[in-house]
Structure formats: structure tokens, C-alpha cells
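First up is the structure itself, then whatever we jot down about it.
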Number of protein chains: 4
Amino acid sequence: VPASPTHIANTIETELLQRVAAAVPSHGAGRVADYIPALASADPAAFGFAVATVDGEVYGTGSWLAPFSIQSIAKVFSLSLAVARDAAAVWGRVGREPSGDPFNSLAALEHASGIPPNPFVNAGALVVTDVLREMTGDACGAVLDFVREESGNPTIGFNAAVAASEADNGDRNAALAHLLASYGNLRGPVDRVLDDYVRQCAVEMSCRDLALAGTFLARHGVRRDATRLLSRSDAKRINAIMLMCGVYDAAGEFAYRVGLPAKSGVGGGILAVIPNRCALCAWSPGLDAAGNSVAAVAALDAFTTMTGWSVF
Amino acid sequence: VPASPTHIANTIETELLQRVAAAVPSHGAGRVADYIPALASADPAAFGFAVATVDGEVYGTGSWLAPFSIQSIAKVFSLSLAVARDAAAVWGRVGREPSGDPFNSLAALEHASGIPPNPFVNAGALVVTDVLREMTGDACGAVLDFVREESGNPTIGFNAAVAASEADNGDRNAALAHLLASYGNLRGPVDRVLDDYVRQCAVEMSCRDLALAGTFLARHGVRRDATRLLSRSDAKRINAIMLMCGVYDAAGEFAYRVGLPAKSGVGGGILAVIPNRCALCAWSPGLDAAGNSVAAVAALDAFTTMTGWSVF
Amino acid sequence: VPASPTHIANTIETELLQRVAAAVPSHGAGRVADYIPALASADPAAFGFAVATVDGEVYGTGSWLAPFSIQSIAKVFSLSLAVARDAAAVWGRVGREPSGDPFNSLAALEHASGIPPNPFVNAGALVVTDVLREMTGDACGAVLDFVREESGNPTIGFNAAVAASEADNGDRNAALAHLLASYGNLRGPVDRVLDDYVRQCAVEMSCRDLALAGTFLARHGVRRDATRLLSRSDAKRINAIMLMCGVYDAAGEFAYRVGLPAKSGVGGGILAVIPNRCALCAWSPGLDAAGNSVAAVAALDAFTTMTGWSVF
Amino acid sequence: VPASPTHIANTIETELLQRVAAAVPSHGAGRVADYIPALASADPAAFGFAVATVDGEVYGTGSWLAPFSIQSIAKVFSLSLAVARDAAAVWGRVGREPSGDPFNSLAALEHASGIPPNPFVNAGALVVTDVLREMTGDACGAVLDFVREESGNPTIGFNAAVAASEADNGDRNAALAHLLASYGNLRGPVDRVLDDYVRQCAVEMSCRDLALAGTFLARHGVRRDATRLLSRSDAKRINAIMLMCGVYDAAGEFAYRVGLPAKSGVGGGILAVIPNRCALCAWSPGLDAAGNSVAAVAALDAFTTMTGWSVF
């Protein structure tokens, strides 16, 4: 029983977003990702927040129009696009269960004979990229086409310097990719798949763009133009995977504090979904020990507390 | 925005439950737990289903009044009772994150220096039992007091033969308990804590009893008599842990199919929670490879499909 | 081509042992085992060294006649006695390969489905104790009978206070034993097997006694009374296992410095074997980080350097 | 107390080698390595055996002059050459302990934060190659120079087709190399180090060449021209590592049957060392499940049984 779009809009049109922003005293807290130079230069005090409703309205506060590096949030889009084309092709090669191991663990992958536990650990995202490349020839291109259309922003692109920097610092991802290949679970040329993967991570979008691009999950698979990308059950499955695996090793803590399906990235963004209502995107570059943005988590926490819209 | 209790009751009063039962063709499918003789003799064709609403109404179908061994479902009650008394005492000794390891893994426990990943793996439940014993002197007794009051059924007890049988077959639990003790994370006498643990598993309740005893979680911590057991945030936390860790190694699959916080037991029961609406209990002894009841999962799947009441 | 016994005796009768003792400046270095009170009270400056030749002569220096707790050195005797009775019964239940995991790892045991990697990790020694109990009814009794006869010292016994203390501090061994039992690889009552195991560890012998009791391995299986305990190949196998697995996680380092099959105990003793020539026992309670006696390793190092009798 | 060279030669000049060959009924047993085409075409019935004494004599039987792919035996030479130049540079980056994990395990490497357990697992050999490349600019070239001089055979080279084939099938080694690089324990360009590594594996030598090239270890570090490559203690250390880690996961079994420091390769060769006496090389392409040549193990077993020259 979804609330009416009008009701949601009215609720949001009040000072809700301002109150959310005011409730986040932690801009600048946490530590900016520094493993690649392009991310290390981000302003830790930056903060943005946007809400896009299922009926296409979008609201924001702070630097909600400023583009940032979406990093692992890209995994939501590549997964959705690959599942939309052939769900069986995806789930035959990657699991759907949370993992107690670090997101870039090789040990876990080896113990599972090359089947990553879920699509959001790095190994799983590499497999999804490989699948989507097989389907489209260019996984990053497919993601860009999709997010441009959903957000109505044709200028979205990837930052080549960030992509190059990721590639230069990517020995662990290269190790994962070669290990997957040794099990036959990465079929494209390893270098090409890695390139395609890091380009996706280097896509730059604003909170506004991301919230709009994520509303298809709040609509259970229906795109902005009312066509269906995913079946209702596939959309629910992706929401479930986001809830359980979307914020690195902090799923339990995040589920309690925020209680929403979400995917974070080390660029400081978090995309969250409230089924039947809206998609949210919060952003601030300072990260906690698990790699999630301190202020973005706080903003989502404030939002769900104020609205009561948690799933639990 | 919870639906009104009257609306729920009306919905349920229709043939919903009959339709759920009719949609479950798999009574008798799966394999009855046989590691202890007392469970192995269960009738695989048995099936029951009950719904208890947040306003105290309860409905059922099939053998919904027949008692069965609740097994790991007891972990929900002992956890709630321990958290209600002193949440910090619990969370200082057990984690809140899903685990990719089997529910009775010693390796995972050793790697984490004696801190179980969550309260629903066996090691975690042993720690919770130890905590609740420290608080009450008798963890099983505390659980019995609670479920009798919530269900209004003072005859609930534990089956001593089942408890004895579990103890006789409990070398792996004994190994976990001694390993916990070696890390100082089990403080009572190992034999006593193990006894208290297996007695809880041997508690016998019907679908009706369990659904009623679980409604405090749908009410976000408020008991049948309107007193508060858990803070709203603690209740949501427990719901979140149930969603992520409640059905052994099948959390991802279950979240997709059913999409509700739930806890299963090898006796064939599953207790599920729909926040603000109701608690459900389905039961049938035949288990799938992960240890969850085939027919109970199917019944919950049918219920959420028919009602649209999944969290995703 | 063994050297003649007379030659060995002559070599040893010189000041060799005095020179060995003089070359060990580290009496008192290291840390005395303190996990059980009975061991913690040992004098860290104590030192003894003994050599027993294959023809039955025995020489010593320092406190070579003082009894100490042999601890894990007992594993050599229980293994030899079990193999002597039925080698296949042993090797069907325990491996013969070195392990990279800690000596008391449960994870390694779980990954190997209850088959310990070798007889000198604690899990392996528990299985050997269980096997020898099945054969004799009393593994510690069998070990005592054997070492009394080989050393000619009928007063050897176990220290009941040490055994009781080990049992009280033995949660990790209890965890290993129950885990083995859960795999069907420990068949006697867990409590009894644990008792039998800790009594062996609490046996008290001097350097003299241990060197004499170990000469059957230098004679490739022939006992003091010229009867054969082990086949030549079984004796060589046990020597090989000692070289690869006898000094906890320091096999590589020890093999380099000393180059002899050996077994250490946390009481500070080390029994070493020079095939065809002699058995050695060095003792001093101060342990290094791996659990081996600092001064005993130094003494064996000095001995092999002076004599050139390393196997490499 | 080394036996006199004359005595050894006399012993060998008898029909010993013929008897060894006759005692090996298993030419053709086992399975030829088939992961690269160049190895898969080897004749499984081929067999060769050679003995090179510390005084420079060499004897052989069967196809002892036929070159074959030395594969992992190369690790002995690259390790020795790197240790000879700077032992601390090697041991700061690779351990010296046996490992219970498979020779190409990434999990073990990850758990140890990028420090391989010993130089003979693939990760360890990659680090040694990286070290030797830093020292010489060309690790394979350094190995070739050395084995040509020790064997007196200037025609020894590597098979470019085999090296190319290894590289094409080398995803697991590439994964190991990138993982090492992610920990900073592989410093050269990953592609170059991998090339240098596979070229070494593709070196082709005969039993005669290998036995001669290995005698410096029987001489405790002294080369054919009487110059010293390794200190006596470094040579003993390498012998110890060979005994404990030289035959993949079969160290315990091999130590028992053969009782000599040895290094095997999947080309079917095994190089073994009898300190103070001789080096041996046996070769036959059929491998057992652990990757060691069935007939070569049998030949070494027969040799040590006939001569009594085991270290145990």
C-alpha cells in the first residue's frame, strides 16, 4: 500500500531536507579515500542530499548538484542491466548471499572455487562486468546510457584520470580478475574487463542524478519512461541484495541505523531505496573504517528517523 | 503508516489463509531433521500456519494448534530478553553482521578470537544464553515465562527427552562452548550453559503460540500487555538481524522470496515479522538443504505474494 | 654407516658436554609457560643436557637428573606405542604432513573434516591417545610402562597436580576433543580421553630418562632389551614427522639451526634423535615465542655444530 | 664424517644404478601434466636416473641424457643464487616454514599479508624471482649461467614455446603476482617478473645436468670450481627447506619413503641431495595426485633403500 505521490511530495516540500542537513553535524568527519590521488583531493566538508520520488519529482539540499565519483554505486546499475538481459546468466556465475569476508577477499573466492558470494564484493562486480560486456560489448557504455536516460542528464561521463589512477593502483583487482579467469569465471581478456570495471567506478554523477537513476528500484523495476527494465521479483531481489551486501562489512549496523536497501561507494556517496516511495542519495567524502561516508550515513539515518520510512 | 488493524483483520478473515495453504503443494517435501531421534519421528506431511496481528487477533489454518519443537526460533526470544535487560552486555560479546560461514563454524569463531558474528549462529546463541543466565539464573526459564505470557498459554514447556537427546548429540555445540570459554566469552560452567541452551531448543509451541509470542517485534518492542520490552530502535535492530541472519545460509534467497525478518528452526517452524502489521508462523517438518522448512518457506512466499507485504 | 659406539663414547667423554653447556649463555632467557600454575613456578635458570648412545651409555651435564614436566614430548611415546600395535589404525585417523596452522587450531581441523594434519598438533595427539586407549585401556599407563623400562627408572610417574591444573585450563583441548568427536574421530568418552591426555603431559622425567627412553628411535625401532618395538620404516617415519612437525611452528628454523628430528614441550624440554648414533635431551624452562626452550635449542645447536651430526 | 669419494664411486660403479632402474616397475604410471600442451606430449614411459658425486663423477641409467622441462626444480637454483647475493633480502620477504596449504594458494598468502610461507610455493618463487631480477636484471639468465657452469653443458637453454604456453595458462600465477604486488612484495613490473618466472620453469636439462648442477648442495655450498656459492649454514638451510617443502603437499610421505632433501617439478623430474655424498636426479613424466613423478619417487626410494643413505 504505497503512500500517494502527492503526500510524499508534500511531506518533502516542507523543511524536511533542511532538517536532515541540519541533523548531520559530521560534515568533514571521517577520512577521505586516499588510495588514488584523484579521490584524495576531495573536500571532506562537502555534503549533498537528494530525494527522487517514484512519480519523478526530485528535491535536494547542499551540494546536491555537484558531480562526484560514484565508485561502487555503479555496481547497482551494471547488475540491474545484466539481470535485465539474462538473469540466469548472472546468477549462474555469482551468488546472492552476504559474506563475512572483506569486500576484496581472495581467500573467500578461492574457497568458493571462483564463484563470488554476491555481486557487490569486487570479485562479483568483475564477473557482472564480464557478463555485461559479453552482452553489450561495453559495460561502462551501457551504464552511462542508462543513467543518462534515467536522470535526464546527457552530460554524465567517466573521469579518465580517475579511471587511469584506479588501474595503476589496481593490483588487488587484477589479482581477483586473474583468479576468476583461472576458474573460467572471467571470460573476456582480463585487461579489457578491468578497464571496463574501473571506468564504471570513475563515472561522475551528482546526488540528483543518482537519486533519479535509482528510482527504477523504488518502482520495482519500472523505468522513468514507464517501460519495465526488471521484473518485479528481480527488482525486489536486487533491493534485498543491497540491504544485505550494499555497505561493505557494515550491513548489520547500517540495517539497524538506516534500515534501507543501499549501496555505498568510496567516493562518499550512498544510494538508498524506499520501495514504492523514493530513491535517496547522500554524499560526503569522509569515510568511516568500513568505507562508508560518515555524513551520508548520518543523513540517511536522520531521514528515516524523521519519516519513519525504514523497512523494519 | 501502518494499515488499520481492522483492515488487516478483514483481509485475513477472507479466505487468505486457506489460499496460502492451498498454494503450498509441498507438504512432505524436504527431509526431516534426523540428527536427534525425537525430531526424526515428526510427520513430514504436517503443516500449520498462523497470523497474529498487532492488535492481538490470531488466525490459523492446518495444524496451527499442534505443538512442535521450536529449536533455533528460541534464539529470538533469548536475544530479545537479554537485550531488554542490558543491550551493551550483549553487543560487547557478540557481533551483528551476517556471516558467510556455516551456522556452527568453529573456524569463523577462531578467526574472530571468540566473538561470534551474530546472535543466531550457534556460537552467538550460546553467548546470549550465557549472558541471560548471568542475568536471570535460568535462560530457558526466562524464555518460558515470556512466551507463556505473550501467547496466553501457560502450558508451554520444554520436552525433556528432546533436550537430553540434543545434549547426547551435541559434540559440536560442546566444542563451540569450550572454544568460547577458552576466549573468556562463556563464563558460566560449560555444562550448565549447554544444558540451558538445549532446553530452550526443546521448547514446544504451536504456530498460534509462536505468532502471538512474536508480535512484540511487529509492535517494535511493545508487549501484549502494552508494556515496552525493547526500545523501538532495539526492536528494529533485532528485526534487521533476523532479516540478515535468521535463516542459516539462505538469507539472500529467503530475502528475495519472502522479504521479511524471520527465524527458522530445524523443527520445521519459521517465525516471521511484518513490522506494524503482524507476526506469522509457518510449520512443516521437511527441510531443504539449508535447514529451512520447504513448505513453511513456500507458505510465507505465498502470503507475501498475495498481500504485497514484503519489505522490499 | 653408523660410527662405532666406542668412538661416540670417546668423543662424548671428552669435555664435549661441558663445552655445550658453556656455549649456552641463555639460561634464564625466554618466558616460562604460565598458563598453568604448576609450570609457572619453574626456575628459568635451570638447565640440563643428556646424551644416550645407541649402545646404552648415557652422559649428562647441568641438572640432567632433575625431573621436569615432559608435556608434548609424551606425544612421541604414545605415537610410537600406538603405531607399534597397529600402524594402519593410527594413519587412518591422523595425517603425516606438516601444517602451517597453529598447533591448537580448530579451523584447520574443521577444514579437514576432523582429520588432524599430523600426530603432534594437539588434535592429532588426542586422536592418538584415543587410539592407544582403545588398544590398552590406559594410554598414560602404557607410556609410563614404556619409559620406565627404557630408562631403567621405575619411579617415573605423572604429577597429579599438574594434570589437574591442565584439565582446569583445558577449554581449548576440550573444544578440539568435542570437535573430533563430532566427526567420529574420537570414540572414547571425551572426558576420559582428555584425562588420559593431560596425565601424559604431566609425566615428569629427567634429561637422562628422556634421552634413554628416546634411543629406540636412534636404533630405528629397537628397544633397550634388543626387542623390536617398531619396524625400521615405521621408526624412520616417526623421525621424519619429528623433523617436520616436532617443534610447533618453528620447524623450518629449527631444521636449519639444529637439523635433527626432535620434539619439544612447553615444560622446556626437547628430545632429539641422531639416527644410528644417539638420543639427546636438553632442558631449560624459558620459552621463545613459538613455545620452544631458548636454552635447549641453543644447546642442541651447539652440539650439532661441534659434532657435525646434523642430517643436512 | 663424509664417506670417501672413492668408496662412493666404487659403490656406484657396481650395478647399483641398474638395480635401481630394475626396481622401478612404474614407468608409465601416473598422469602426465596436461595443463600446458608442451608438457602433455611427453612420453609417459620415459625414465632417467643420474648420480653426481661430490668429487665430480657422474653416473646414469635410462634416458639420463635426455633433456626435459625442469619446471619447479628451477626454484632451487634461483633461491640459491638470490641467497648467495643477499640472504637477508630474501628472508625479509619470504618465510622458511612448511605450509599445509596448496602450493598455489592465494588464501594462505592473503592471511599472511603477502609474505609467502616458503620459497617453493609459487608465491614464494615469484618473490625470489623478483629479488634475483633486482640483483641481476634477468633471473632466468642468472640461473642459466649457473647451471651451464655447474653441469659443464653450455647448450642448456629454455624452451620458448613452453614458456609462452605457461604464460598463456598462467592466470593463477598472475593472480598471485598481482596479490604480492598489492602488498608491496613484488616490485618489478608484474608482466616482466611473470615472464622471467616462466622462462625458468621452461629450462630444459637432463638428469645428468641436474645432478651435476645440484652437487653444490651436497658440498654444503661449494661449487664445482671449488669456489663457495653459499655459506655452509645457508646450504644446510636450503637442504632443510627442500626436505620440508620440496615436494608440494607430500613432504611427510616423501620424507618417510625417501628421506632426502629434494625438489620436484611437474615435468617429472626430482632433484635430491645426500649431504657430503652426492646429488641425484630421477625423471619420468607420469605424476601422482600431488604432482610428483611416480617413477622418480620409486627410483629414489629404491636408491635410499639399497644404500641406506636416508637422513632419518
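Following the order of the C-alpha cells, chains are lettered A, B, ..., residues in each are numbered from 1, and ligands are numbered from 1.
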* To do: Could you pull out the residues in stretch 35-268 of chain C that DSSP calls alpha helix (DSSP H) from the backbone, as an NGL selection string?
  => :C and (37-40 or 74-91 or 106-111 or 122-136 or 139-151 or 160-168 or 171-182 or 190-201 or 207-218 or 232-245 or 251-257)
* Find the spatial neighbours of D:Met242, counting only C-alpha atoms, within a cut-off of 10 Å - ignore same-chain residues fewer than 6 positions away - and output them as JSON, numbers by chain. => {"D": [76, 98, 119, 120, 236, 251, 260, 261, 262, 263, 264, 271, 272, 273]}
* Compute the set of chain A residues within 10 Å of chain B, using only C-alpha atoms, and express it as a VMD selection string. => chain A and resid 1 to 3 95 to 101 108 117 to 118 217 to 218 220 233 to 241 243 to 245 249 to 261 273 to 276 305 307 to 312
Generate a file of the selected residues that holds C-alpha atoms, formatted as a CSV table (one decimal), in the first residue's frame.
chain,number,residue,atom,x,y,z
A,1,VAL,CA,0.0,0.0,0.0
A,2,PRO,CA,2.3,2.8,-1.2
A,3,ALA,CA,1.6,6.3,0.1
A,95,GLY,CA,26.0,-15.8,-5.5
A,96,ARG,CA,23.3,-13.8,-3.7
A,97,GLU,CA,24.4,-14.3,-0.1
A,98,PRO,CA,26.1,-11.9,2.3
A,99,SER,CA,29.7,-12.6,3.1
A,100,GLY,CA,31.6,-12.3,6.3
A,101,ASP,CA,34.8,-11.7,4.4
A,108,ALA,CA,36.8,-16.3,0.1
A,117,PRO,CA,29.4,-14.7,-2.8
A,118,ASN,CA,27.4,-11.7,-4.2
A,217,LEU,CA,14.3,0.2,-7.9
A,218,ALA,CA,11.7,2.1,-5.9
A,220,HIS,CA,10.1,-2.3,-8.6
A,233,SER,CA,10.7,-10.1,-8.5
A,234,ASP,CA,14.1,-9.2,-9.9
A,235,ALA,CA,13.8,-5.7,-8.6
A,236,LYS,CA,13.0,-7.0,-5.1
A,237,ARG,CA,15.9,-9.4,-5.3
A,238,ILE,CA,18.3,-6.5,-6.1
A,239,ASN,CA,16.8,-4.5,-3.2
A,240,ALA,CA,17.3,-7.4,-0.9
A,241,ILE,CA,21.0,-7.8,-2.0
A,243,LEU,CA,20.1,-4.4,2.1
A,244,MET,CA,22.3,-7.3,2.9
A,245,CYS,CA,25.5,-6.6,1.0
A,249,ASP,CA,31.2,-5.1,6.1
A,250,ALA,CA,28.7,-2.8,7.9
A,251,ALA,CA,25.4,-4.3,6.7
A,252,GLY,CA,24.2,-5.2,10.2
A,253,GLU,CA,25.0,-1.8,11.6
A,254,PHE,CA,23.5,0.1,8.6
A,255,ALA,CA,20.4,-2.0,8.5
A,256,TYR,CA,19.8,-1.1,12.1
A,257,ARG,CA,20.5,2.6,11.8
A,258,VAL,CA,19.0,3.3,8.4
A,259,GLY,CA,17.0,0.2,7.5
A,260,LEU,CA,17.0,0.6,3.8
A,261,PRO,CA,18.5,-1.1,0.8
A,273,VAL,CA,15.9,2.9,-2.0
A,274,ILE,CA,12.5,3.2,-0.2
A,275,PRO,CA,10.3,0.7,-2.1
A,276,ASN,CA,7.1,2.4,-3.6
A,305,THR,CA,14.0,8.7,11.7
A,307,THR,CA,9.9,9.9,8.2
A,308,GLY,CA,9.6,6.5,9.8
A,309,TRP,CA,10.3,5.0,6.4
A,310,SER,CA,12.6,2.2,7.4
A,311,VAL,CA,11.8,-1.3,6.2
A,312,PHE,CA,12.0,-2.7,9.8
* For atom CA of D:Ala38 and atom CA of D:Cys207, determine how far apart the two atoms are, in Å to one decimal place. =>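 Atom CA of D:Ala38 sits 19.1 Å away from atom CA of D:Cys207.
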* To do: List the neighbours of stretch 27-37 of chain A out to 9 Å using only C-alpha atoms; skip same-chain residues closer than 4 positions along the sequence, and give me the result as number ranges by chain.
  => A: 41-47, 162, 165-166, 168-169, 266-268, 284-289, 291, 293-296
Those residues with N, CA and C atoms, as a PDB file, in the first residue's frame please?
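The resulting file, part.pdb, is shown below:
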ATOM      1  N   SER A  41      41.866  14.210  -3.195  1.00  0.00           N
ATOM      2  CA  SER A  41      41.762  15.679  -3.220  1.00  0.00           C
ATOM      3  C   SER A  41      40.340  16.174  -2.955  1.00  0.00           C
ATOM      4  N   ALA A  42      39.399  15.258  -2.684  1.00  0.00           N
ATOM      5  CA  ALA A  42      38.020  15.692  -2.441  1.00  0.00           C
ATOM      6  C   ALA A  42      37.939  16.536  -1.176  1.00  0.00           C
ATOM      7  N   ASP A  43      36.979  17.456  -1.144  1.00  0.00           N
ATOM      8  CA  ASP A  43      36.799  18.332   0.022  1.00  0.00           C
ATOM      9  C   ASP A  43      36.008  17.588   1.093  1.00  0.00           C
ATOM     10  N   PRO A  44      36.604  17.284   2.228  1.00  0.00           N
ATOM     11  CA  PRO A  44      35.899  16.476   3.234  1.00  0.00           C
ATOM     12  C   PRO A  44      34.648  17.166   3.784  1.00  0.00           C
ATOM     13  N   ALA A  45      34.546  18.468   3.660  1.00  0.00           N
ATOM     14  CA  ALA A  45      33.376  19.167   4.200  1.00  0.00           C
ATOM     15  C   ALA A  45      32.203  19.215   3.228  1.00  0.00           C
ATOM     16  N   ALA A  46      32.413  18.741   2.016  1.00  0.00           N
ATOM     17  CA  ALA A  46      31.318  18.765   1.048  1.00  0.00           C
ATOM     18  C   ALA A  46      30.188  17.864   1.518  1.00  0.00           C
ATOM     19  N   PHE A  47      28.948  18.237   1.187  1.00  0.00           N
ATOM     20  CA  PHE A  47      27.783  17.435   1.566  1.00  0.00           C
ATOM     21  C   PHE A  47      26.634  17.736   0.613  1.00  0.00           C
ATOM     22  N   VAL A 162      40.661   9.548 -13.196  1.00  0.00           N
ATOM     23  CA  VAL A 162      40.349   8.658 -12.072  1.00  0.00           C
ATOM     24  C   VAL A 162      40.451   7.203 -12.516  1.00  0.00           C
ATOM     25  N   SER A 165      43.989   6.199 -12.776  1.00  0.00           N
ATOM     26  CA  SER A 165      44.572   6.113 -11.453  1.00  0.00           C
ATOM     27  C   SER A 165      44.155   4.822 -10.750  1.00  0.00           C
ATOM     28  N   GLU A 166      42.887   4.454 -10.909  1.00  0.00           N
ATOM     29  CA  GLU A 166      42.416   3.180 -10.335  1.00  0.00           C
ATOM     30  C   GLU A 166      43.182   2.008 -10.941  1.00  0.00           C
ATOM     31  N   ASP A 168      46.126   2.026 -12.210  1.00  0.00           N
ATOM     32  CA  ASP A 168      47.503   1.995 -11.728  1.00  0.00           C
ATOM     33  C   ASP A 168      47.602   1.425 -10.324  1.00  0.00           C
ATOM     34  N   ASN A 169      46.553   1.565  -9.551  1.00  0.00           N
ATOM     35  CA  ASN A 169      46.586   1.109  -8.161  1.00  0.00           C
ATOM     36  C   ASN A 169      45.793  -0.181  -7.979  1.00  0.00           C
ATOM     37  N   VAL A 266      33.320   4.440  -2.254  1.00  0.00           N
ATOM     38  CA  VAL A 266      34.374   5.125  -1.503  1.00  0.00           C
ATOM     39  C   VAL A 266      34.545   6.575  -1.929  1.00  0.00           C
ATOM     40  N   GLY A 267      33.797   7.009  -2.940  1.00  0.00           N
ATOM     41  CA  GLY A 267      33.762   8.435  -3.264  1.00  0.00           C
ATOM     42  C   GLY A 267      32.928   9.223  -2.259  1.00  0.00           C
ATOM     43  N   GLY A 268      32.233   8.506  -1.372  1.00  0.00           N
ATOM     44  CA  GLY A 268      31.459   9.182  -0.330  1.00  0.00           C
ATOM     45  C   GLY A 268      29.962   9.204  -0.583  1.00  0.00           C
ATOM     46  N   SER A 284      29.098  12.717   1.010  1.00  0.00           N
ATOM     47  CA  SER A 284      30.131  13.496   1.703  1.00  0.00           C
ATOM     48  C   SER A 284      31.387  12.631   1.702  1.00  0.00           C
ATOM     49  N   PRO A 285      32.551  13.188   1.392  1.00  0.00           N
ATOM     50  CA  PRO A 285      33.725  12.331   1.113  1.00  0.00           C
ATOM     51  C   PRO A 285      34.356  11.630   2.311  1.00  0.00           C
ATOM     52  N   GLY A 286      34.096  12.094   3.547  1.00  0.00           N
ATOM     53  CA  GLY A 286      34.777  11.478   4.688  1.00  0.00           C
ATOM     54  C   GLY A 286      34.203  10.108   5.020  1.00  0.00           C
ATOM     55  N   LEU A 287      35.068   9.099   5.090  1.00  0.00           N
ATOM     56  CA  LEU A 287      34.621   7.709   5.258  1.00  0.00           C
ATOM     57  C   LEU A 287      34.892   7.191   6.661  1.00  0.00           C
ATOM     58  N   ASP A 288      34.065   6.251   7.099  1.00  0.00           N
ATOM     59  CA  ASP A 288      34.354   5.546   8.344  1.00  0.00           C
ATOM     60  C   ASP A 288      35.272   4.352   8.056  1.00  0.00           C
ATOM     61  N   ALA A 289      35.569   3.565   9.104  1.00  0.00           N
ATOM     62  CA  ALA A 289      36.531   2.475   8.941  1.00  0.00           C
ATOM     63  C   ALA A 289      36.056   1.430   7.941  1.00  0.00           C
ATOM     64  N   GLY A 291      34.468   2.113   5.209  1.00  0.00           N
ATOM     65  CA  GLY A 291      34.486   2.664   3.860  1.00  0.00           C
ATOM     66  C   GLY A 291      33.204   3.378   3.458  1.00  0.00           C
ATOM     67  N   SER A 293      30.515   6.644   3.928  1.00  0.00           N
ATOM     68  CA  SER A 293      30.569   8.058   4.279  1.00  0.00           C
ATOM     69  C   SER A 293      29.922   8.307   5.636  1.00  0.00           C
ATOM     70  N   VAL A 294      30.649   8.944   6.523  1.00  0.00           N
ATOM     71  CA  VAL A 294      30.126   9.236   7.859  1.00  0.00           C
ATOM     72  C   VAL A 294      28.889  10.129   7.772  1.00  0.00           C
ATOM     73  N   ALA A 295      28.987  11.209   7.018  1.00  0.00           N
ATOM     74  CA  ALA A 295      27.875  12.165   6.970  1.00  0.00           C
ATOM     75  C   ALA A 295      26.714  11.625   6.149  1.00  0.00           C
ATOM     76  N   ALA A 296      27.005  10.846   5.119  1.00  0.00           N
ATOM     77  CA  ALA A 296      25.900  10.301   4.322  1.00  0.00           C
ATOM     78  C   ALA A 296      25.089   9.305   5.136  1.00  0.00           C
TER      79      ALA A 296
END
* Residue neighbourhood D:Ala52, 7 Å, only C-alpha atoms, exclusion window fewer than 4 positions, as a PyMOL selection string -> chain D and resi 56-59+211-212+215+278-280
* Write out as a PyMOL selection string which residues come within 9 Å of stretch 176-193 of chain D when counting only C-alpha atoms, dropping same-chain ones fewer than 3 positions away. => (chain A and resi 106+169-176+178-179) or (chain D and resi 93+104-106+109-110+113-116+122-123+126-127+129-131+133-134+139+171-173+196-198)
* **B:Asp225 environment, 10 Å, only C-alpha atoms, sequence neighbours closer than 2 positions dropped, as a VMD selection string** => chain B and resid 56 149 to 150 216 222 to 223 227 to 228
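Atom CA of D:Asn159 sits 28.5 Å away from atom CA of D:Leu230.
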* Pairwise distance for atom CA of C:Ser69 and atom CA of C:Ser206, rounded to one decimal in Å ->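 According to the coordinates, atom CA of C:Ser69 and atom CA of C:Ser206 are separated by 8.7 Å.
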* Those of stretch 33-191 of chain C in DSSP strand (DSSP E), formatted as a count of residues only -> 15
